[in-house]
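**Q** What follows is a single structure, and I will ask about it in a moment.
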Amino acid sequence: MDQNSSIDLGFLESCEPWLLTNKFFPSKLGGKPAWLDLKNLPSPTDLLCERCTKPLSFLCQIYAPIEDNENCFHRTLYIFICMDESCDSSLNASCRNMKVYRSQLPRRNEFYNYDPPDETVESPAVKSGVPLCVVCGCHGPKRCGRCQSVNYCGPVHQRHDWKVAHKAACGEETVVETIKEQHNTFVLPEMEIVTEPDDYEPKPKASEEENEKHQMEEFERLKREGKAGVLDDLAEAELDKYAEDQVEDKVFARFKERIANAPRQVLRYERGGKPLWLSPIEPQEVPKCGRCGGERMFEFQIMPQLLSYLDREKLDWGTLACFTCKASCSVEGYAEEFLFRQDVLDTTATAGSHQSEG
């Protein structure tokens with residue numbers, strides 16, 4: 001991320017798959033996670049949907065080091081979501097079908113070289129210190145009881161792999177090389193997320209004279225439609241609803257104006273900034289860090305434009321706003337952070353959030 005710019009925008013681009021492995025510290029959509037800490041991975045239980053108890057799927061990861069924190073020379077945030085249609089078909093009261101995790105390492109660590117890798121030469125990923133599920137790439141402590149050659153995070157992915165690939169290959173030497181396309185039920189298309197500074201320039205505010213002119217034109221329109229006196233007759237509750245609608249329209253109009261200059265953006269990164277909301281429904285409270293007890297602050301948001309790249313018609317959100325520990329406190333492995341999902345399908349409902357238990 002550009003530390004000199006207040007906001008960085010993320011866009012999706014194709015690139016060589018080997019550049020999206022952990023050795024190159026990528027920001028990316030889909031595929032399998034490029035884990036940072038290679039020993040202390042989230043457990044299969046950590047990555048279960050809290051609504052339907054099925055395994056969550058990896059959505060994306062954002063490489064976001066913090067220059068003035070020596071423990072965050074390497075730092076990556078991972079988002080996982082449930083792709084079960086029944087979990088995503090309606091607004092969520094608590095966003096329990098999505099999670100975000102933070103991992104970080106100092107420059108000198110046990111997994112990666114002190115100096116950055118050569119991105120002009122193809123080289124393999126750094127091997128994980130724990131077995132990985134052949135389907136999703138997460139921690140896979142379970143093993144095929146027959147051939148002992150492949151690992152799984154649990155019975156859901158083991159049954160799926162047996163049906164689409166492993167049954168015919170069990171015991172063969174090529175069993176580990178499972179075809180990626182056969183697991184596209186759980187694995188999303190893989191693309192790199194590249195960032196660049198936001199060059200948005202706000203439009204000059206309308207003068208008081210222009211505002212008065214606009215109000216007069218609006219009054220004349222209501223008069224022509226026979227509605228000029230309608231506001232005087234509204235009940236107090238209806239007036240409140242009218243005011244809410246006006247606020248909602250302004251928030252959404254601001255959202256559209258801000259993204260119009262870069263409509264393909266799938267990510268907005270502004271650590272310590274504010275999310276770009278689609279509606280006035282915001283989190284009432286951002287819980288404190290479950291590890292150190294410190295405050296959390298906004299770090300980035302996933303935009304609705306990302307949905308068009310997923311080929312998953314049932315998935316939907318307005319925006320996913322990630323709040324992380326302000327101090328980015330030390331963690332061995334992966335710390336769960338706070339993810340707030342703002343929906344726009346029904347703005348009268350309460351948007352969802354998932355609170356980390358630490």
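How things are named: the first chain in the structure tokens is A, the next is B, and so on; residues count from 1 in each chain; ligands count from 1 in the order shown.
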If you take only C-alpha atoms and a cut-off of 10 Å, which residues of region 56-166 of chain A touch region 291-313 of chain A, and what are their nearest atom pairs and distances in Å to one decimal, in chain and number order, as CSV?
**A**
residue,atom,partner,partner_atom,distance
A:Leu59,CA,A:Leu310,CA,9.2
A:Cys60,CA,A:Ile302,CA,9.3
A:Ile62,CA,A:Phe300,CA,9.0
A:Ala64,CA,A:Glu299,CA,9.4
A:Leu77,CA,A:Phe300,CA,9.9
A:Ile79,CA,A:Ile302,CA,9.7
A:Met83,CA,A:Arg312,CA,8.3
A:Glu85,CA,A:Glu313,CA,9.3
**Q** Find the nearest atom pair between each residue of region 23-75 of chain A and region 264-274 of chain A for residues within 12 Å, count only C-alpha atoms, give distances in Å to one decimal, sort rows by chain and ascending number, and present the table as JSON lines.
**A**
{"residue": "A:Ser27", "atom": "CA", "partner": "A:Leu267", "partner_atom": "CA", "distance": 10.7}
{"residue": "A:Lys28", "atom": "CA", "partner": "A:Leu267", "partner_atom": "CA", "distance": 10.8}
{"residue": "A:Leu29", "atom": "CA", "partner": "A:Val266", "partner_atom": "CA", "distance": 9.9}
{"residue": "A:Cys60", "atom": "CA", "partner": "A:Leu267", "partner_atom": "CA", "distance": 10.5}
{"residue": "A:Gln61", "atom": "CA", "partner": "A:Leu267", "partner_atom": "CA", "distance": 10.9}
{"residue": "A:Ile62", "atom": "CA", "partner": "A:Leu267", "partner_atom": "CA", "distance": 9.4}
{"residue": "A:Tyr63", "atom": "CA", "partner": "A:Tyr269", "partner_atom": "CA", "distance": 10.8}
{"residue": "A:Ala64", "atom": "CA", "partner": "A:Tyr269", "partner_atom": "CA", "distance": 9.2}
{"residue": "A:Pro65", "atom": "CA", "partner": "A:Arg271", "partner_atom": "CA", "distance": 10.9}
{"residue": "A:Ile66", "atom": "CA", "partner": "A:Arg271", "partner_atom": "CA", "distance": 9.8}
**Q** Point out the residue among A:Pro44, A:Pro106, A:Gly31, A:Pro124 with the least atom-to-atom distance to Val331 (chain A), counting only C-alpha atoms.
**A**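 Closest to Val331 (chain A), using only C-alpha atoms: A:Pro106.
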**Q** For a quick check of understanding, using only C-alpha atoms, which of A:Phe58, A:Cys72, A:Val135, A:Thr53 has the smallest distance to Ala165 (chain A)?
**A** A:Val135
**Q** What is the CA of Glu119 (chain A) to CA of Phe24 (chain A) distance in Å?
**A**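 Distance reported for this atom pair: 7.5 Å.
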**Q** Give the answer as one residue: which of A:Gly171, A:Glu122, A:Lys163, A:Leu315 has the shortest atom-to-atom distance to Arg146 (chain A), using only C-alpha atoms?
**A**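 Between A:Gly171, A:Glu122, A:Lys163, A:Leu315, the residue approaching Arg146 (chain A) most closely is A:Gly171.
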**Q** Please provide the set of residues having any atom within 7 Å of Leu41 (chain A), restricted to only C-alpha atoms, with same-chain residues fewer than 2 positions apart removed, written as an MDAnalysis selection string.
**A** chainID A and resid 37:39 43 139 333:334
**Q** Please, what distance in Å, to one decimal, runs between CA of Ile193 (chain A) and CA of Tyr152 (chain A)?
**A**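 Computing the Euclidean distance for CA of Ile193 (chain A) and CA of Tyr152 (chain A) yields 27.7 Å.
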**Q** From the list A:Ile281, A:Leu20, A:Leu56, A:Ala327, which residue is nearest Val126 (chain A) when using only C-alpha atoms?
**A**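 Checking each of A:Ile281, A:Leu20, A:Leu56, A:Ala327 against Val126 (chain A), counting only C-alpha atoms, the winner is A:Leu20.
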**Q** Can you pull out the residues contacting region 141-145 of chain A? Cut-off 12 Å, using only C-alpha atoms, and skip same-chain residues under 3 positions away; I want them as a PyMOL selection string.
**A** chain A and resi 41-45+129-134+137-138+148-159+161-162+166-167+169-171+175-176
**Q** Among the residues of region 8-204 of chain A, find those DSSP assigns to strand (DSSP E or B) from the backbone and print them as a short mmCIF file (atom, residue, chain, number, x, y, z; two decimals) with all heavy atoms, in the first residue's frame.
**A**
data_model
loop_
_atom_site.label_atom_id
_atom_site.label_comp_id
_atom_site.auth_asym_id
_atom_site.auth_seq_id
_atom_site.Cartn_x
_atom_site.Cartn_y
_atom_site.Cartn_z
N ASP A 8 -5.82 4.38 -1.15
CA ASP A 8 -5.37 3.57 -2.27
C ASP A 8 -6.57 2.80 -2.80
O ASP A 8 -7.37 2.27 -2.03
CB ASP A 8 -4.28 2.59 -1.85
CG ASP A 8 -2.94 3.26 -1.69
OD1 ASP A 8 -2.67 4.21 -2.45
OD2 ASP A 8 -2.15 2.85 -0.82
N LEU A 9 -6.68 2.71 -4.11
CA LEU A 9 -7.73 1.94 -4.76
C LEU A 9 -7.16 0.64 -5.30
O LEU A 9 -6.03 0.62 -5.81
CB LEU A 9 -8.36 2.74 -5.90
CG LEU A 9 -8.91 4.12 -5.55
CD1 LEU A 9 -9.55 4.75 -6.79
CD2 LEU A 9 -9.91 4.04 -4.41
N GLY A 10 -7.92 -0.44 -5.19
CA GLY A 10 -7.48 -1.72 -5.69
C GLY A 10 -8.25 -2.14 -6.92
O GLY A 10 -9.48 -1.96 -7.00
N PHE A 11 -7.52 -2.71 -7.90
CA PHE A 11 -8.12 -3.17 -9.15
C PHE A 11 -7.63 -4.59 -9.43
O PHE A 11 -6.52 -4.96 -9.04
CB PHE A 11 -7.74 -2.25 -10.31
CG PHE A 11 -8.11 -0.81 -10.09
CD1 PHE A 11 -7.23 0.06 -9.45
CD2 PHE A 11 -9.34 -0.33 -10.51
CE1 PHE A 11 -7.57 1.39 -9.24
CE2 PHE A 11 -9.69 1.00 -10.30
CZ PHE A 11 -8.80 1.86 -9.67
N LEU A 12 -8.43 -5.35 -10.12
CA LEU A 12 -8.08 -6.74 -10.43
C LEU A 12 -7.35 -6.82 -11.76
O LEU A 12 -7.75 -6.19 -12.75
CB LEU A 12 -9.34 -7.60 -10.49
CG LEU A 12 -10.05 -7.83 -9.15
CD1 LEU A 12 -11.33 -8.61 -9.35
CD2 LEU A 12 -9.14 -8.54 -8.16
N GLU A 13 -6.27 -7.61 -11.77
CA GLU A 13 -5.51 -7.85 -13.00
C GLU A 13 -5.07 -9.31 -13.03
O GLU A 13 -4.86 -9.94 -11.99
CB GLU A 13 -4.27 -6.95 -13.06
CG GLU A 13 -4.58 -5.49 -13.29
CD GLU A 13 -3.32 -4.66 -13.51
OE1 GLU A 13 -2.22 -5.27 -13.54
OE2 GLU A 13 -3.44 -3.43 -13.66
N LYS A 28 -4.52 -10.46 -3.38
CA LYS A 28 -5.18 -11.20 -4.46
C LYS A 28 -6.59 -11.58 -4.10
O LYS A 28 -6.99 -11.62 -2.93
CB LYS A 28 -4.38 -12.46 -4.80
CG LYS A 28 -4.44 -13.58 -3.78
CD LYS A 28 -3.50 -14.73 -4.17
CE LYS A 28 -3.67 -15.94 -3.26
NZ LYS A 28 -4.69 -16.86 -3.77
N LEU A 29 -7.33 -11.88 -5.15
CA LEU A 29 -8.67 -12.43 -5.05
C LEU A 29 -8.61 -13.91 -5.36
O LEU A 29 -7.93 -14.34 -6.29
CB LEU A 29 -9.60 -11.75 -6.07
CG LEU A 29 -10.93 -12.46 -6.38
CD1 LEU A 29 -11.90 -12.31 -5.22
CD2 LEU A 29 -11.55 -11.89 -7.67
N LEU A 48 -15.13 -22.14 10.09
CA LEU A 48 -16.48 -22.62 9.85
C LEU A 48 -17.46 -21.47 9.90
O LEU A 48 -17.32 -20.54 10.71
CB LEU A 48 -16.88 -23.67 10.89
CG LEU A 48 -16.15 -25.02 10.84
CD1 LEU A 48 -16.68 -25.92 11.95
CD2 LEU A 48 -16.29 -25.69 9.49
N PRO A 55 -17.68 -25.12 5.87
CA PRO A 55 -16.40 -24.40 5.73
C PRO A 55 -16.57 -23.09 4.96
O PRO A 55 -17.27 -23.02 3.96
CB PRO A 55 -15.53 -25.38 4.94
CG PRO A 55 -16.17 -26.72 5.12
CD PRO A 55 -17.63 -26.46 5.25
N SER A 57 -15.18 -20.12 2.55
CA SER A 57 -14.30 -20.08 1.38
C SER A 57 -13.44 -18.82 1.42
O SER A 57 -13.88 -17.76 1.87
CB SER A 57 -15.10 -20.12 0.08
OG SER A 57 -15.72 -21.37 -0.09
N PHE A 58 -12.23 -18.94 0.91
CA PHE A 58 -11.32 -17.81 0.87
C PHE A 58 -11.78 -16.82 -0.20
O PHE A 58 -11.97 -17.18 -1.36
CB PHE A 58 -9.91 -18.32 0.54
CG PHE A 58 -8.91 -17.24 0.24
CD1 PHE A 58 -8.53 -16.34 1.23
CD2 PHE A 58 -8.36 -17.12 -1.02
CE1 PHE A 58 -7.60 -15.33 0.95
CE2 PHE A 58 -7.44 -16.13 -1.30
CZ PHE A 58 -7.06 -15.24 -0.31
N LEU A 59 -11.97 -15.56 0.20
CA LEU A 59 -12.38 -14.52 -0.74
C LEU A 59 -11.16 -13.76 -1.27
O LEU A 59 -10.93 -13.71 -2.48
CB LEU A 59 -13.34 -13.53 -0.08
CG LEU A 59 -13.75 -12.33 -0.95
CD1 LEU A 59 -14.56 -12.78 -2.16
CD2 LEU A 59 -14.51 -11.29 -0.13
N CYS A 60 -10.38 -13.16 -0.37
CA CYS A 60 -9.26 -12.35 -0.82
C CYS A 60 -8.29 -12.10 0.33
O CYS A 60 -8.61 -12.36 1.50
CB CYS A 60 -9.74 -11.01 -1.39
SG CYS A 60 -10.56 -9.95 -0.18
N GLN A 61 -7.12 -11.59 -0.02
CA GLN A 61 -6.14 -11.18 0.98
C GLN A 61 -5.50 -9.88 0.55
O GLN A 61 -5.31 -9.62 -0.65
CB GLN A 61 -5.09 -12.26 1.20
CG GLN A 61 -4.21 -12.57 0.01
CD GLN A 61 -3.30 -13.75 0.29
OE1 GLN A 61 -3.74 -14.90 0.29
NE2 GLN A 61 -2.02 -13.47 0.52
N ILE A 62 -5.17 -9.05 1.54
CA ILE A 62 -4.59 -7.73 1.29
C ILE A 62 -3.26 -7.64 2.03
O ILE A 62 -3.21 -7.81 3.26
CB ILE A 62 -5.53 -6.60 1.78
CG1 ILE A 62 -6.95 -6.79 1.22
CG2 ILE A 62 -4.97 -5.25 1.40
CD1 ILE A 62 -7.05 -6.81 -0.28
N TYR A 63 -2.20 -7.41 1.29
CA TYR A 63 -0.87 -7.24 1.90
C TYR A 63 -0.76 -5.80 2.34
O TYR A 63 -0.81 -4.87 1.52
CB TYR A 63 0.22 -7.59 0.90
CG TYR A 63 1.62 -7.53 1.46
CD1 TYR A 63 2.03 -8.40 2.47
CD2 TYR A 63 2.54 -6.60 0.97
CE1 TYR A 63 3.31 -8.34 2.98
CE2 TYR A 63 3.83 -6.54 1.47
CZ TYR A 63 4.22 -7.41 2.48
OH TYR A 63 5.49 -7.35 2.98
N HIS A 74 6.04 -7.55 7.39
CA HIS A 74 5.11 -8.30 6.55
C HIS A 74 3.79 -8.38 7.30
O HIS A 74 3.76 -8.73 8.48
CB HIS A 74 5.62 -9.70 6.25
CG HIS A 74 6.91 -9.74 5.49
ND1 HIS A 74 7.04 -9.19 4.24
CD2 HIS A 74 8.13 -10.26 5.81
CE1 HIS A 74 8.28 -9.37 3.80
NE2 HIS A 74 8.97 -10.01 4.73
N ARG A 75 2.71 -8.06 6.62
CA ARG A 75 1.40 -8.07 7.28
C ARG A 75 0.32 -8.29 6.24
O ARG A 75 0.28 -7.58 5.22
CB ARG A 75 1.18 -6.74 8.00
CG ARG A 75 -0.14 -6.60 8.76
CD ARG A 75 -0.10 -5.30 9.56
NE ARG A 75 -1.35 -5.02 10.24
CZ ARG A 75 -2.36 -4.34 9.72
NH1 ARG A 75 -2.27 -3.89 8.47
NH2 ARG A 75 -3.45 -4.12 10.41
N THR A 76 -0.54 -9.26 6.47
CA THR A 76 -1.58 -9.61 5.49
C THR A 76 -2.91 -9.82 6.21
O THR A 76 -2.96 -10.40 7.30
CB THR A 76 -1.21 -10.87 4.71
OG1 THR A 76 0.04 -10.66 4.04
CG2 THR A 76 -2.27 -11.20 3.67
N LEU A 77 -3.98 -9.37 5.57
CA LEU A 77 -5.34 -9.55 6.08
C LEU A 77 -6.10 -10.46 5.12
O LEU A 77 -6.03 -10.28 3.90
CB LEU A 77 -6.03 -8.20 6.22
CG LEU A 77 -5.34 -7.28 7.23
CD1 LEU A 77 -5.53 -5.83 6.85
CD2 LEU A 77 -5.85 -7.53 8.63
N TYR A 78 -6.84 -11.42 5.68
CA TYR A 78 -7.53 -12.45 4.91
C TYR A 78 -9.03 -12.40 5.20
O TYR A 78 -9.44 -12.38 6.36
CB TYR A 78 -7.01 -13.84 5.29
CG TYR A 78 -5.53 -14.05 5.09
CD1 TYR A 78 -4.61 -13.56 6.01
CD2 TYR A 78 -5.05 -14.76 4.00
CE1 TYR A 78 -3.24 -13.76 5.84
CE2 TYR A 78 -3.69 -14.97 3.82
CZ TYR A 78 -2.79 -14.46 4.74
OH TYR A 78 -1.44 -14.66 4.57
N ILE A 79 -9.84 -12.43 4.14
CA ILE A 79 -11.29 -12.48 4.30
C ILE A 79 -11.81 -13.82 3.79
O ILE A 79 -11.45 -14.26 2.70
CB ILE A 79 -11.99 -11.32 3.55
CG1 ILE A 79 -11.66 -9.99 4.21
CG2 ILE A 79 -13.50 -11.53 3.54
CD1 ILE A 79 -12.34 -8.80 3.57
N PHE A 80 -12.68 -14.44 4.60
CA PHE A 80 -13.32 -15.71 4.24
C PHE A 80 -14.83 -15.51 4.30
O PHE A 80 -15.34 -14.81 5.18
CB PHE A 80 -12.91 -16.81 5.22
CG PHE A 80 -11.44 -17.14 5.17
CD1 PHE A 80 -10.52 -16.41 5.90
CD2 PHE A 80 -10.97 -18.20 4.40
CE1 PHE A 80 -9.16 -16.70 5.85
CE2 PHE A 80 -9.63 -18.49 4.34
CZ PHE A 80 -8.72 -17.75 5.07
N ILE A 81 -15.54 -16.13 3.37
CA ILE A 81 -17.00 -15.99 3.31
C ILE A 81 -17.66 -17.34 3.11
O ILE A 81 -17.03 -18.28 2.62
CB ILE A 81 -17.43 -15.05 2.17
CG1 ILE A 81 -17.02 -15.63 0.81
CG2 ILE A 81 -16.84 -13.65 2.36
CD1 ILE A 81 -17.54 -14.83 -0.38
N MET A 98 -19.10 -14.52 7.60
CA MET A 98 -17.87 -13.94 7.06
C MET A 98 -16.89 -13.71 8.20
O MET A 98 -17.31 -13.41 9.33
CB MET A 98 -18.15 -12.61 6.36
CG MET A 98 -19.09 -12.70 5.18
SD MET A 98 -19.32 -11.07 4.41
CE MET A 98 -20.44 -11.52 3.06
N LYS A 99 -15.59 -13.83 7.92
CA LYS A 99 -14.57 -13.57 8.93
C LYS A 99 -13.35 -12.93 8.28
O LYS A 99 -13.10 -13.12 7.09
CB LYS A 99 -14.15 -14.87 9.63
CG LYS A 99 -15.23 -15.50 10.50
CD LYS A 99 -14.69 -16.72 11.25
CE LYS A 99 -15.75 -17.33 12.15
NZ LYS A 99 -15.23 -18.49 12.92
N VAL A 100 -12.61 -12.19 9.09
CA VAL A 100 -11.36 -11.59 8.62
C VAL A 100 -10.27 -11.89 9.65
O VAL A 100 -10.50 -11.81 10.86
CB VAL A 100 -11.51 -10.06 8.40
CG1 VAL A 100 -11.96 -9.35 9.65
CG2 VAL A 100 -10.20 -9.47 7.87
N TYR A 101 -9.08 -12.25 9.15
CA TYR A 101 -7.94 -12.59 10.01
C TYR A 101 -6.73 -11.74 9.64
O TYR A 101 -6.52 -11.41 8.47
CB TYR A 101 -7.59 -14.07 9.89
CG TYR A 101 -8.55 -14.98 10.63
CD1 TYR A 101 -9.66 -15.52 9.99
CD2 TYR A 101 -8.34 -15.30 11.97
CE1 TYR A 101 -10.55 -16.35 10.67
CE2 TYR A 101 -9.22 -16.13 12.66
CZ TYR A 101 -10.31 -16.64 12.00
OH TYR A 101 -11.19 -17.46 12.68
N ARG A 102 -5.93 -11.43 10.66
CA ARG A 102 -4.69 -10.66 10.49
C ARG A 102 -3.49 -11.53 10.86
O ARG A 102 -3.50 -12.21 11.88
CB ARG A 102 -4.72 -9.41 11.37
CG ARG A 102 -3.38 -8.73 11.55
CD ARG A 102 -3.53 -7.42 12.33
NE ARG A 102 -4.11 -7.61 13.65
CZ ARG A 102 -3.42 -7.80 14.77
NH1 ARG A 102 -2.09 -7.87 14.73
NH2 ARG A 102 -4.03 -7.93 15.94
N SER A 103 -2.44 -11.46 10.04
CA SER A 103 -1.17 -12.13 10.35
C SER A 103 -0.03 -11.17 10.04
O SER A 103 -0.12 -10.40 9.08
CB SER A 103 -1.01 -13.42 9.55
OG SER A 103 0.17 -14.10 9.91
N GLN A 104 1.02 -11.21 10.84
CA GLN A 104 2.14 -10.28 10.62
C GLN A 104 3.44 -10.90 11.13
O GLN A 104 3.46 -11.75 12.01
CB GLN A 104 1.87 -8.96 11.34
CG GLN A 104 1.69 -9.10 12.84
CD GLN A 104 1.00 -7.90 13.47
OE1 GLN A 104 0.03 -7.36 12.92
NE2 GLN A 104 1.49 -7.46 14.62
N LEU A 105 4.55 -10.44 10.52
CA LEU A 105 5.87 -10.95 10.85
C LEU A 105 6.90 -9.83 10.77
O LEU A 105 6.75 -8.91 9.95
CB LEU A 105 6.30 -12.05 9.85
CG LEU A 105 5.49 -13.35 9.81
CD1 LEU A 105 5.91 -14.16 8.59
CD2 LEU A 105 5.69 -14.15 11.09
N LEU A 132 -1.99 -29.00 4.24
CA LEU A 132 -3.07 -28.16 3.75
C LEU A 132 -4.14 -29.00 3.05
O LEU A 132 -3.84 -30.00 2.41
CB LEU A 132 -2.52 -27.12 2.76
CG LEU A 132 -1.44 -26.18 3.31
CD1 LEU A 132 -0.98 -25.24 2.20
CD2 LEU A 132 -1.95 -25.39 4.50
N HIS A 139 -5.78 -25.20 6.63
CA HIS A 139 -5.18 -26.24 7.46
C HIS A 139 -5.95 -27.55 7.28
O HIS A 139 -7.16 -27.60 7.45
CB HIS A 139 -5.20 -25.81 8.92
CG HIS A 139 -4.49 -26.76 9.83
ND1 HIS A 139 -4.73 -26.81 11.19
CD2 HIS A 139 -3.56 -27.73 9.58
CE1 HIS A 139 -3.97 -27.75 11.74
NE2 HIS A 139 -3.26 -28.32 10.78
N LYS A 142 -6.92 -33.65 8.57
CA LYS A 142 -7.48 -34.96 8.21
C LYS A 142 -6.78 -35.49 6.97
O LYS A 142 -6.38 -34.74 6.09
CB LYS A 142 -8.98 -34.85 7.97
CG LYS A 142 -9.77 -34.22 9.11
CD LYS A 142 -9.72 -35.06 10.36
CE LYS A 142 -10.56 -34.43 11.48
NZ LYS A 142 -10.50 -35.22 12.72
N ARG A 143 -6.67 -36.82 6.88
CA ARG A 143 -5.97 -37.44 5.76
C ARG A 143 -6.80 -38.58 5.20
O ARG A 143 -7.55 -39.25 5.93
CB ARG A 143 -4.61 -37.97 6.23
CG ARG A 143 -3.75 -38.57 5.12
CD ARG A 143 -2.41 -39.02 5.66
NE ARG A 143 -1.61 -37.90 6.15
CZ ARG A 143 -0.42 -38.04 6.70
NH1 ARG A 143 0.12 -39.24 6.86
NH2 ARG A 143 0.24 -36.97 7.09
N ASN A 151 -4.64 -34.41 2.14
CA ASN A 151 -5.20 -33.92 3.40
C ASN A 151 -6.44 -33.07 3.16
O ASN A 151 -6.63 -32.51 2.08
CB ASN A 151 -4.15 -33.09 4.15
CG ASN A 151 -3.05 -33.93 4.73
OD1 ASN A 151 -2.14 -34.38 4.02
ND2 ASN A 151 -3.10 -34.18 6.02
N TYR A 152 -7.26 -32.98 4.21
CA TYR A 152 -8.51 -32.23 4.13
C TYR A 152 -8.72 -31.46 5.43
O TYR A 152 -8.27 -31.87 6.50
CB TYR A 152 -9.69 -33.16 3.89
CG TYR A 152 -9.56 -34.00 2.64
CD1 TYR A 152 -9.13 -35.33 2.72
CD2 TYR A 152 -9.85 -33.46 1.40
CE1 TYR A 152 -8.99 -36.10 1.58
CE2 TYR A 152 -9.70 -34.22 0.24
CZ TYR A 152 -9.27 -35.54 0.34
OH TYR A 152 -9.12 -36.29 -0.80
N MET A 191 -7.08 -13.77 -9.12
CA MET A 191 -6.54 -12.60 -9.81
C MET A 191 -5.75 -11.75 -8.82
O MET A 191 -6.01 -11.79 -7.61
CB MET A 191 -7.66 -11.76 -10.44
CG MET A 191 -8.50 -12.47 -11.48
SD MET A 191 -9.75 -11.37 -12.22
CE MET A 191 -8.71 -10.33 -13.25
N GLU A 192 -4.81 -11.01 -9.35
CA GLU A 192 -4.03 -10.11 -8.50
C GLU A 192 -4.81 -8.83 -8.23
O GLU A 192 -5.56 -8.34 -9.07
CB GLU A 192 -2.71 -9.76 -9.19
CG GLU A 192 -1.80 -8.88 -8.34
CD GLU A 192 -0.51 -8.50 -9.05
OE1 GLU A 192 -0.43 -8.68 -10.29
OE2 GLU A 192 0.41 -8.03 -8.37
N ILE A 193 -4.65 -8.29 -7.02
CA ILE A 193 -5.18 -6.98 -6.69
C ILE A 193 -4.03 -5.98 -6.69
O ILE A 193 -3.10 -6.09 -5.89
CB ILE A 193 -5.88 -6.97 -5.31
CG1 ILE A 193 -7.05 -7.96 -5.30
CG2 ILE A 193 -6.38 -5.56 -4.98
CD1 ILE A 193 -7.72 -8.08 -3.93
N VAL A 194 -4.06 -5.07 -7.62
CA VAL A 194 -3.01 -4.04 -7.71
C VAL A 194 -3.61 -2.72 -7.22
O VAL A 194 -4.80 -2.45 -7.41
CB VAL A 194 -2.48 -3.89 -9.14
CG1 VAL A 194 -1.81 -5.17 -9.59
CG2 VAL A 194 -3.59 -3.52 -10.12
N THR A 195 -2.78 -1.90 -6.60
CA THR A 195 -3.29 -0.66 -6.02
C THR A 195 -2.61 0.56 -6.63
O THR A 195 -1.49 0.50 -7.12
CB THR A 195 -3.07 -0.63 -4.49
OG1 THR A 195 -1.68 -0.75 -4.20
CG2 THR A 195 -3.83 -1.75 -3.82
N GLU A 196 -3.34 1.66 -6.58
CA GLU A 196 -2.81 2.94 -7.02
C GLU A 196 -3.51 4.04 -6.23
O GLU A 196 -4.64 3.85 -5.76
CB GLU A 196 -3.01 3.15 -8.52
CG GLU A 196 -4.46 3.11 -8.97
CD GLU A 196 -4.59 3.21 -10.48
OE1 GLU A 196 -3.96 2.39 -11.18
OE2 GLU A 196 -5.32 4.11 -10.94
N PRO A 197 -2.86 5.20 -6.04
CA PRO A 197 -3.47 6.27 -5.26
C PRO A 197 -4.77 6.77 -5.89
O PRO A 197 -4.91 6.81 -7.12
CB PRO A 197 -2.40 7.36 -5.27
CG PRO A 197 -1.12 6.65 -5.56
CD PRO A 197 -1.49 5.51 -6.47
#
**Q** Choose the residue, out of A:Asn69, A:Thr21, A:Ser6, A:Asn113, that has the smallest atom-to-atom separation from Lys127 (chain A); count only C-alpha atoms.
**A**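 The shortest atom-to-atom distance to Lys127 (chain A) comes from A:Thr21.
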**Q** Among region 62-205 of chain A, which ones does DSSP assign to alpha helix (DSSP H) (computed from the backbone)? Answer as a VMD selection string.
**A** chain A and resid 85 to 88 155 to 161 167 to 169
**Q** Could you tell me which of A:Glu16, A:Glu67, A:Asp316, A:Asp46 comes closest to Ser328 (chain A) if we count only C-alpha atoms?
**A** A:Glu67
